[in-house]
>>> print(open('upload29.json').read())   # JSON, N, CA and C atoms
[["chain", "number", "residue", "atom", "x", "y", "z"],
["A", 30, "MET", "N", -32.97, 63.23, -221.23],
["A", 30, "MET", "CA", -32.12, 64.31, -221.69],
["A", 30, "MET", "C", -32.87, 65.64, -221.63],
["A", 31, "GLN", "N", -34.01, 65.64, -221.00],
["A", 31, "GLN", "CA", -34.83, 66.83, -220.92],
["A", 31, "GLN", "C", -34.10, 67.98, -220.21],
["A", 32, "ASP", "N", -33.38, 67.69, -219.14],
["A", 32, "ASP", "CA", -32.69, 68.71, -218.37],
["A", 32, "ASP", "C", -31.20, 68.76, -218.69],
["A", 33, "ALA", "N", -30.80, 68.26, -219.84],
["A", 33, "ALA", "CA", -29.39, 68.19, -220.20],
["A", 33, "ALA", "C", -28.78, 69.59, -220.29],
["A", 34, "LEU", "N", -27.57, 69.71, -219.76],
["A", 34, "LEU", "CA", -26.82, 70.95, -219.88],
["A", 34, "LEU", "C", -25.52, 70.65, -220.61],
["A", 35, "PHE", "N", -25.10, 71.60, -221.41],
["A", 35, "PHE", "CA", -23.90, 71.42, -222.22],
["A", 35, "PHE", "C", -22.91, 72.54, -221.89],
["A", 36, "HIS", "N", -21.64, 72.17, -221.70],
["A", 36, "HIS", "CA", -20.67, 73.23, -221.42],
["A", 36, "HIS", "C", -20.18, 73.79, -222.75],
["A", 37, "VAL", "N", -20.14, 75.12, -222.80],
["A", 37, "VAL", "CA", -19.73, 75.85, -224.00],
["A", 37, "VAL", "C", -18.77, 76.96, -223.58],
["A", 38, "GLN", "N", -17.99, 77.42, -224.55],
["A", 38, "GLN", "CA", -17.00, 78.44, -224.25],
["A", 38, "GLN", "C", -17.32, 79.73, -224.99],
["A", 39, "LYS", "N", -17.10, 80.86, -224.30],
["A", 39, "LYS", "CA", -17.32, 82.18, -224.88],
["A", 39, "LYS", "C", -16.31, 83.14, -224.25],
["A", 40, "ASN", "N", -15.58, 83.84, -225.09],
["A", 40, "ASN", "CA", -14.56, 84.80, -224.62],
["A", 40, "ASN", "C", -13.58, 84.17, -223.63],
["A", 41, "GLY", "N", -13.22, 82.92, -223.88],
["A", 41, "GLY", "CA", -12.23, 82.24, -223.05],
["A", 41, "GLY", "C", -12.75, 81.66, -221.75],
["A", 42, "LYS", "N", -14.03, 81.78, -221.49],
["A", 42, "LYS", "CA", -14.60, 81.23, -220.27],
["A", 42, "LYS", "C", -15.67, 80.20, -220.60],
["A", 43, "VAL", "N", -15.90, 79.26, -219.69],
["A", 43, "VAL", "CA", -16.86, 78.18, -219.90],
["A", 43, "VAL", "C", -18.11, 78.44, -219.07],
["A", 44, "GLY", "N", -19.26, 78.18, -219.69],
["A", 44, "GLY", "CA", -20.55, 78.23, -219.02],
["A", 44, "GLY", "C", -21.38, 77.06, -219.51],
["A", 45, "PHE", "N", -22.66, 77.03, -219.16],
["A", 45, "PHE", "CA", -23.53, 75.92, -219.54],
["A", 45, "PHE", "C", -24.80, 76.45, -220.17],
["A", 46, "ILE", "N", -25.24, 75.76, -221.21],
["A", 46, "ILE", "CA", -26.50, 76.09, -221.87],
["A", 46, "ILE", "C", -27.41, 74.88, -221.84],
["A", 47, "ASN", "N", -28.72, 75.12, -222.01],
["A", 47, "ASN", "CA", -29.66, 74.01, -222.12],
["A", 47, "ASN", "C", -29.83, 73.65, -223.59],
["A", 48, "LYS", "N", -30.68, 72.69, -223.89],
["A", 48, "LYS", "CA", -30.82, 72.23, -225.28],
["A", 48, "LYS", "C", -31.50, 73.26, -226.17],
["A", 49, "ALA", "N", -32.10, 74.30, -225.58],
["A", 49, "ALA", "CA", -32.69, 75.40, -226.36],
["A", 49, "ALA", "C", -31.66, 76.49, -226.66],
["A", 50, "GLY", "N", -30.44, 76.31, -226.12],
["A", 50, "GLY", "CA", -29.38, 77.28, -226.35],
["A", 50, "GLY", "C", -29.37, 78.44, -225.37],
["A", 51, "GLN", "N", -30.21, 78.36, -224.33],
["A", 51, "GLN", "CA", -30.26, 79.42, -223.32],
["A", 51, "GLN", "C", -29.16, 79.21, -222.29],
["A", 52, "VAL", "N", -28.51, 80.30, -221.91],
["A", 52, "VAL", "CA", -27.47, 80.23, -220.88],
["A", 52, "VAL", "C", -28.13, 79.94, -219.54],
["A", 53, "VAL", "N", -27.71, 78.86, -218.91],
["A", 53, "VAL", "CA", -28.24, 78.45, -217.62],
["A", 53, "VAL", "C", -27.24, 78.77, -216.51],
["A", 54, "ILE", "N", -25.97, 78.59, -216.80],
["A", 54, "ILE", "CA", -24.88, 78.90, -215.86],
["A", 54, "ILE", "C", -23.90, 79.80, -216.60],
["A", 55, "ASP", "N", -23.67, 80.99, -216.07],
["A", 55, "ASP", "CA", -22.89, 82.02, -216.75],
["A", 55, "ASP", "C", -21.46, 81.57, -217.04],
["A", 56, "PHE", "N", -20.84, 82.26, -217.96],
["A", 56, "PHE", "CA", -19.48, 81.98, -218.41],
["A", 56, "PHE", "C", -18.47, 82.56, -217.41],
["A", 57, "GLU", "N", -18.07, 81.75, -216.44],
["A", 57, "GLU", "CA", -17.17, 82.23, -215.41],
["A", 57, "GLU", "C", -16.03, 81.27, -215.08],
["A", 58, "PHE", "N", -15.99, 80.12, -215.71],
["A", 58, "PHE", "CA", -14.99, 79.11, -215.38],
["A", 58, "PHE", "C", -13.95, 78.98, -216.49],
["A", 59, "ASP", "N", -12.76, 78.51, -216.11],
["A", 59, "ASP", "CA", -11.69, 78.28, -217.08],
["A", 59, "ASP", "C", -11.89, 76.96, -217.82],
["A", 60, "GLY", "N", -12.64, 76.05, -217.23],
["A", 60, "GLY", "CA", -12.93, 74.75, -217.83],
["A", 60, "GLY", "C", -14.01, 74.05, -217.02],
["A", 61, "ALA", "N", -14.55, 72.98, -217.60],
["A", 61, "ALA", "CA", -15.60, 72.23, -216.90],
["A", 61, "ALA", "C", -15.72, 70.84, -217.50],
["A", 62, "SER", "N", -16.23, 69.92, -216.69],
["A", 62, "SER", "CA", -16.54, 68.58, -217.18],
["A", 62, "SER", "C", -18.03, 68.54, -217.50],
["A", 63, "LEU", "N", -18.48, 67.43, -218.02],
["A", 63, "LEU", "CA", -19.91, 67.22, -218.23],
["A", 63, "LEU", "C", -20.56, 66.92, -216.88],
["A", 64, "PHE", "N", -21.86, 67.14, -216.80],
["A", 64, "PHE", "CA", -22.58, 66.80, -215.58],
["A", 64, "PHE", "C", -22.74, 65.29, -215.47],
["A", 65, "SER", "N", -22.58, 64.79, -214.26],
["A", 65, "SER", "CA", -22.78, 63.39, -213.96],
["A", 65, "SER", "C", -23.42, 63.32, -212.58],
["A", 66, "ASP", "N", -24.57, 62.68, -212.48],
["A", 66, "ASP", "CA", -25.30, 62.61, -211.21],
["A", 66, "ASP", "C", -25.57, 64.00, -210.63],
["A", 67, "GLY", "N", -25.82, 64.96, -211.51],
["A", 67, "GLY", "CA", -26.21, 66.29, -211.05],
["A", 67, "GLY", "C", -25.09, 67.24, -210.68],
["A", 68, "ILE", "N", -23.83, 66.81, -210.83],
["A", 68, "ILE", "CA", -22.72, 67.71, -210.54],
["A", 68, "ILE", "C", -21.69, 67.68, -211.67],
["A", 69, "ALA", "N", -20.97, 68.79, -211.80],
["A", 69, "ALA", "CA", -19.90, 68.90, -212.79],
["A", 69, "ALA", "C", -18.68, 69.50, -212.12],
["A", 70, "ARG", "N", -17.52, 69.02, -212.51],
["A", 70, "ARG", "CA", -16.28, 69.63, -212.02],
["A", 70, "ARG", "C", -16.07, 70.93, -212.78],
["A", 71, "VAL", "N", -15.64, 71.97, -212.08],
["A", 71, "VAL", "CA", -15.33, 73.24, -212.71],
["A", 71, "VAL", "C", -13.92, 73.67, -212.31],
["A", 72, "PHE", "N", -13.25, 74.30, -213.24],
["A", 72, "PHE", "CA", -11.86, 74.68, -213.05],
["A", 72, "PHE", "C", -11.74, 76.21, -213.10],
["A", 73, "TYR", "N", -10.97, 76.75, -212.15],
["A", 73, "TYR", "CA", -10.76, 78.19, -212.10],
["A", 73, "TYR", "C", -9.41, 78.47, -211.45],
["A", 74, "LYS", "N", -8.56, 79.17, -212.17],
["A", 74, "LYS", "CA", -7.23, 79.54, -211.66],
["A", 74, "LYS", "C", -6.47, 78.36, -211.07],
["A", 75, "ASP", "N", -6.29, 77.32, -211.85],
["A", 75, "ASP", "CA", -5.51, 76.14, -211.45],
["A", 75, "ASP", "C", -6.08, 75.37, -210.26],
["A", 76, "ARG", "N", -7.36, 75.52, -209.99],
["A", 76, "ARG", "CA", -8.02, 74.77, -208.93],
["A", 76, "ARG", "C", -9.31, 74.18, -209.49],
["A", 77, "VAL", "N", -9.85, 73.21, -208.76],
["A", 77, "VAL", "CA", -11.07, 72.54, -209.22],
["A", 77, "VAL", "C", -12.02, 72.33, -208.05],
["A", 78, "GLY", "N", -13.32, 72.41, -208.34],
["A", 78, "GLY", "CA", -14.39, 72.14, -207.39],
["A", 78, "GLY", "C", -15.58, 71.63, -208.18],
["A", 79, "CYS", "N", -16.77, 71.67, -207.60],
["A", 79, "CYS", "CA", -17.96, 71.14, -208.29],
["A", 79, "CYS", "C", -19.15, 72.07, -208.12],
["A", 80, "ILE", "N", -20.00, 72.11, -209.15],
["A", 80, "ILE", "CA", -21.26, 72.85, -209.11],
["A", 80, "ILE", "C", -22.41, 71.89, -209.37],
["A", 81, "ASP", "N", -23.62, 72.33, -208.97],
["A", 81, "ASP", "CA", -24.81, 71.56, -209.32],
["A", 81, "ASP", "C", -25.41, 72.16, -210.59],
["A", 82, "THR", "N", -26.53, 71.63, -211.03],
["A", 82, "THR", "CA", -27.12, 72.04, -212.31],
["A", 82, "THR", "C", -27.72, 73.45, -212.27],
["A", 83, "LYS", "N", -27.76, 74.06, -211.09],
["A", 83, "LYS", "CA", -28.23, 75.45, -210.98],
["A", 83, "LYS", "C", -27.07, 76.42, -210.87],
["A", 84, "GLY", "N", -25.84, 75.87, -210.87],
["A", 84, "GLY", "CA", -24.66, 76.72, -210.78],
["A", 84, "GLY", "C", -24.19, 76.97, -209.36],
["A", 85, "ASN", "N", -24.84, 76.34, -208.39],
["A", 85, "ASN", "CA", -24.41, 76.48, -206.99],
["A", 85, "ASN", "C", -23.13, 75.69, -206.76],
["A", 86, "LEU", "N", -22.20, 76.29, -206.06],
["A", 86, "LEU", "CA", -20.96, 75.61, -205.73],
["A", 86, "LEU", "C", -21.25, 74.59, -204.63],
["A", 87, "VAL", "N", -21.07, 73.31, -204.93],
["A", 87, "VAL", "CA", -21.33, 72.27, -203.93],
["A", 87, "VAL", "C", -20.04, 71.74, -203.32],
["A", 88, "ILE", "N", -18.95, 71.89, -204.02],
["A", 88, "ILE", "CA", -17.62, 71.57, -203.49],
["A", 88, "ILE", "C", -16.73, 72.76, -203.85],
["A", 89, "PRO", "N", -16.15, 73.42, -202.86],
["A", 89, "PRO", "CA", -15.35, 74.63, -203.14],
["A", 89, "PRO", "C", -14.24, 74.39, -204.16],
["A", 90, "ILE", "N", -13.96, 75.42, -204.92],
["A", 90, "ILE", "CA", -12.89, 75.35, -205.92],
["A", 90, "ILE", "C", -11.57, 75.57, -205.18],
["A", 91, "GLN", "N", -11.03, 74.47, -204.65],
["A", 91, "GLN", "CA", -9.84, 74.57, -203.80],
["A", 91, "GLN", "C", -8.82, 73.47, -204.04],
["A", 92, "TYR", "N", -9.19, 72.45, -204.80],
["A", 92, "TYR", "CA", -8.29, 71.31, -204.96],
["A", 92, "TYR", "C", -7.37, 71.47, -206.16],
["A", 93, "GLU", "N", -6.15, 70.93, -206.03],
["A", 93, "GLU", "CA", -5.19, 70.96, -207.13],
["A", 93, "GLU", "C", -5.69, 70.13, -208.30],
["A", 94, "ASP", "N", -6.36, 69.03, -207.99],
["A", 94, "ASP", "CA", -6.92, 68.16, -209.01],
["A", 94, "ASP", "C", -8.06, 67.37, -208.38],
["A", 95, "MET", "N", -8.98, 66.94, -209.23],
["A", 95, "MET", "CA", -10.09, 66.10, -208.78],
["A", 95, "MET", "C", -10.51, 65.25, -209.96],
["A", 96, "ARG", "N", -10.62, 63.96, -209.72],
["A", 96, "ARG", "CA", -11.11, 63.06, -210.78],
["A", 96, "ARG", "C", -12.62, 62.96, -210.69],
["A", 97, "GLU", "N", -13.21, 62.34, -211.68],
["A", 97, "GLU", "CA", -14.66, 62.18, -211.69],
["A", 97, "GLU", "C", -15.09, 61.25, -210.56],
["A", 98, "PHE", "N", -16.32, 61.43, -210.11],
["A", 98, "PHE", "CA", -16.86, 60.59, -209.04],
["A", 98, "PHE", "C", -17.11, 59.18, -209.54],
["A", 99, "SER", "N", -16.83, 58.23, -208.67],
["A", 99, "SER", "CA", -17.08, 56.82, -208.94],
["A", 99, "SER", "C", -17.61, 56.22, -207.65],
["A", 100, "ASP", "N", -18.80, 55.65, -207.71],
["A", 100, "ASP", "CA", -19.43, 55.08, -206.51],
["A", 100, "ASP", "C", -19.51, 56.09, -205.38],
["A", 101, "GLY", "N", -19.78, 57.35, -205.72],
["A", 101, "GLY", "CA", -19.99, 58.39, -204.72],
["A", 101, "GLY", "C", -18.74, 59.07, -204.19],
["A", 102, "LEU", "N", -17.57, 58.65, -204.65],
["A", 102, "LEU", "CA", -16.32, 59.25, -204.19],
["A", 102, "LEU", "C", -15.47, 59.73, -205.37],
["A", 103, "ALA", "N", -14.65, 60.75, -205.11],
["A", 103, "ALA", "CA", -13.72, 61.25, -206.12],
["A", 103, "ALA", "C", -12.35, 61.39, -205.51],
["A", 104, "VAL", "N", -11.34, 61.11, -206.30],
["A", 104, "VAL", "CA", -9.96, 61.32, -205.87],
["A", 104, "VAL", "C", -9.66, 62.81, -205.95],
["A", 105, "ILE", "N", -9.07, 63.36, -204.87],
["A", 105, "ILE", "CA", -8.64, 64.76, -204.85],
["A", 105, "ILE", "C", -7.14, 64.82, -204.61],
["A", 106, "THR", "N", -6.54, 65.92, -205.02],
["A", 106, "THR", "CA", -5.12, 66.15, -204.77],
["A", 106, "THR", "C", -4.96, 67.41, -203.93],
["A", 107, "VAL", "N", -4.22, 67.27, -202.82],
["A", 107, "VAL", "CA", -3.91, 68.38, -201.94],
["A", 107, "VAL", "C", -2.42, 68.29, -201.60],
["A", 108, "LYS", "N", -1.67, 69.33, -201.93],
["A", 108, "LYS", "CA", -0.22, 69.36, -201.68],
["A", 108, "LYS", "C", 0.46, 68.10, -202.22],
["A", 109, "ASP", "N", 0.11, 67.74, -203.45],
["A", 109, "ASP", "CA", 0.69, 66.61, -204.17],
["A", 109, "ASP", "C", 0.38, 65.24, -203.54],
["A", 110, "LYS", "N", -0.58, 65.18, -202.63],
["A", 110, "LYS", "CA", -1.01, 63.90, -202.06],
["A", 110, "LYS", "C", -2.46, 63.69, -202.43],
["A", 111, "GLU", "N", -2.87, 62.42, -202.55],
["A", 111, "GLU", "CA", -4.23, 62.10, -202.98],
["A", 111, "GLU", "C", -5.03, 61.42, -201.88],
["A", 112, "GLY", "N", -6.34, 61.70, -201.91],
["A", 112, "GLY", "CA", -7.29, 61.10, -200.99],
["A", 112, "GLY", "C", -8.66, 61.11, -201.66],
["A", 113, "TYR", "N", -9.72, 60.94, -200.88],
["A", 113, "TYR", "CA", -11.07, 60.82, -201.45],
["A", 113, "TYR", "C", -12.05, 61.75, -200.73],
["A", 114, "ILE", "N", -12.98, 62.34, -201.51],
["A", 114, "ILE", "CA", -14.09, 63.10, -200.94],
["A", 114, "ILE", "C", -15.40, 62.52, -201.45],
["A", 115, "ASN", "N", -16.47, 62.82, -200.70],
["A", 115, "ASN", "CA", -17.80, 62.42, -201.16],
["A", 115, "ASN", "C", -18.47, 63.60, -201.88],
["A", 116, "LYS", "N", -19.69, 63.42, -202.33],
["A", 116, "LYS", "CA", -20.38, 64.45, -203.10],
["A", 116, "LYS", "C", -20.82, 65.64, -202.26],
["A", 117, "LYS", "N", -20.68, 65.54, -200.96],
["A", 117, "LYS", "CA", -20.96, 66.68, -200.08],
["A", 117, "LYS", "C", -19.69, 67.51, -199.85],
["A", 118, "GLY", "N", -18.57, 67.03, -200.40],
["A", 118, "GLY", "CA", -17.30, 67.73, -200.22],
["A", 118, "GLY", "C", -16.57, 67.33, -198.95],
["A", 119, "GLU", "N", -17.07, 66.31, -198.27],
["A", 119, "GLU", "CA", -16.44, 65.84, -197.04],
["A", 119, "GLU", "C", -15.29, 64.89, -197.37],
["A", 120, "ILE", "N", -14.17, 65.11, -196.71],
["A", 120, "ILE", "CA", -13.03, 64.20, -196.91],
["A", 120, "ILE", "C", -13.35, 62.88, -196.22],
["A", 121, "VAL", "N", -13.34, 61.81, -197.01],
["A", 121, "VAL", "CA", -13.66, 60.48, -196.51],
["A", 121, "VAL", "C", -12.37, 59.73, -196.19],
["A", 122, "ILE", "N", -11.39, 59.85, -197.05],
["A", 122, "ILE", "CA", -10.05, 59.28, -196.83],
["A", 122, "ILE", "C", -9.07, 60.43, -197.05],
["A", 123, "PRO", "N", -8.33, 60.82, -196.01],
["A", 123, "PRO", "CA", -7.45, 61.99, -196.11],
["A", 123, "PRO", "C", -6.42, 61.86, -197.24],
["A", 124, "PRO", "N", -6.02, 63.00, -197.81],
["A", 124, "PRO", "CA", -5.02, 62.98, -198.88],
["A", 124, "PRO", "C", -3.61, 62.76, -198.31],
["A", 125, "ILE", "N", -3.28, 61.48, -198.15],
["A", 125, "ILE", "CA", -1.97, 61.10, -197.59],
["A", 125, "ILE", "C", -1.20, 60.18, -198.53],
["A", 126, "PHE", "N", -1.79, 59.85, -199.68],
["A", 126, "PHE", "CA", -1.19, 58.89, -200.59],
["A", 126, "PHE", "C", -0.50, 59.59, -201.77],
["A", 127, "TYR", "N", 0.56, 58.98, -202.27],
["A", 127, "TYR", "CA", 1.23, 59.52, -203.45],
["A", 127, "TYR", "C", 0.39, 59.31, -204.70],
["A", 128, "GLU", "N", -0.43, 58.26, -204.68],
["A", 128, "GLU", "CA", -1.32, 57.99, -205.80],
["A", 128, "GLU", "C", -2.52, 57.21, -205.30],
["A", 129, "ALA", "N", -3.70, 57.61, -205.75],
["A", 129, "ALA", "CA", -4.94, 56.91, -205.39],
["A", 129, "ALA", "C", -5.70, 56.63, -206.67],
["A", 130, "GLY", "N", -6.28, 55.46, -206.78],
["A", 130, "GLY", "CA", -7.03, 55.10, -207.98],
["A", 130, "GLY", "C", -8.52, 55.17, -207.74],
["A", 131, "SER", "N", -9.27, 55.00, -208.82],
["A", 131, "SER", "CA", -10.72, 54.94, -208.71],
["A", 131, "SER", "C", -11.10, 53.71, -207.91],
["A", 132, "LEU", "N", -12.19, 53.82, -207.20],
["A", 132, "LEU", "CA", -12.63, 52.69, -206.38],
["A", 132, "LEU", "C", -13.22, 51.59, -207.24],
["A", 133, "VAL", "N", -12.93, 50.38, -206.87],
["A", 133, "VAL", "CA", -13.50, 49.21, -207.53],
["A", 133, "VAL", "C", -14.16, 48.37, -206.43],
["A", 134, "LEU", "N", -15.46, 48.28, -206.52],
["A", 134, "LEU", "CA", -16.18, 47.49, -205.52],
["A", 134, "LEU", "C", -16.30, 46.06, -206.03],
["A", 135, "ILE", "N", -15.94, 45.12, -205.18],
["A", 135, "ILE", "CA", -15.96, 43.71, -205.57],
["A", 135, "ILE", "C", -16.90, 42.96, -204.63],
["A", 136, "ASP", "N", -17.79, 42.21, -205.20],
["A", 136, "ASP", "CA", -18.70, 41.37, -204.42],
["A", 136, "ASP", "C", -17.99, 40.03, -204.23],
["A", 137, "LEU", "N", -17.61, 39.74, -203.00],
["A", 137, "LEU", "CA", -16.83, 38.53, -202.72],
["A", 137, "LEU", "C", -17.69, 37.29, -202.51],
["A", 138, "ILE", "N", -18.99, 37.47, -202.54],
["A", 138, "ILE", "CA", -19.88, 36.30, -202.31],
["A", 138, "ILE", "C", -20.24, 35.68, -203.64]]
>>> encode(input="upload29.json", output="structure tokens")
Amino acid sequence: MQDALFHVQKNGKVGFINKAGQVVIDFEFDGASLFSDGIARVFYKDRVGCIDTKGNLVIPIQYEDMREFSDGLAVITVKDKEGYINKKGEIVIPPIFYEAGSLVLIDLI
């Protein structure tokens, strides 16, 4: 938990502080998730993307919705259809489905 960042709100915007209370990522988002595997979802003007722990945008804030990553992929919504992207922001499965769920990996052996 040494490098833990916490999302906090100030003047209606969300930013991130470290455990010493120092602002690490400025207050510029409408909302944010917690960091997981070094990235957090951030929300701005009805869109969502992802940042890293330094505040760099790693996935553009362009999707209507995005769920949390599971096994390296996240469900995204584009024009009311769902698909999957990886942590690099690359579309792995195009958004062509009316509904997509979190991935469940099953070992069949």
>>> select_by_dssp(input="upload29.json", residues="chain A", states="strand (DSSP E or B)", output="ChimeraX atom specification")
/A:34-39,42-47,52-58,60-61,65,68-73,76-81,86-92,94-95,99,102-107,110-115,120-126
>>> residues_near_point(input="upload29.json", point="(-8.1, 65.7, -208.1)", cutoff="8 Å", atoms="only C-alpha atoms", output="ChimeraX atom specification")
/A:77,92-96,103-107,111
>>> residues_around(input="upload29.json", residues="segment 45-57 of chain A", least_positions_apart="4", cutoff="5 Å", atoms="only N, CA and C atoms", output="ChimeraX atom specification")
/A:33-37
>>> atom_distance(input="upload29.json", atom1="atom C of Gly78 of chain A", atom2="atom CA of Asn115 of chain A")
11.8 Å
>>> closest_residue(input="upload29.json", among="A:Ser62, A:Ile90, A:Asp109, A:Val121", to="Asp75 of chain A", atoms="only N, CA and C atoms")
A:Ile90
>>> atom_distance(input="upload29.json", atom1="atom C of Ser99 of chain A", atom2="atom N of Lys116 of chain A")
9.2 Å
>>> atom_distance(input="upload29.json", atom1="atom C of Pro123 of chain A", atom2="atom CA of Arg76 of chain A")
17.5 Å
>>> closest_residue(input="upload29.json", among="A:Lys108, A:Gly118, A:Tyr113, A:Leu102", to="Ile80 of chain A", atoms="only C-alpha atoms")
A:Gly118
>>> closest_residue(input="upload29.json", among="A:Val43, A:Asp100, A:Ile125, A:Gly112", to="Leu63 of chain A", atoms="only C-alpha atoms")
A:Val43
>>> closest_residue(input="upload29.json", among="A:Ala129, A:Gln38, A:Glu97, A:Gly84", to="Arg70 of chain A", atoms="all atoms listed in the file")
A:Glu97
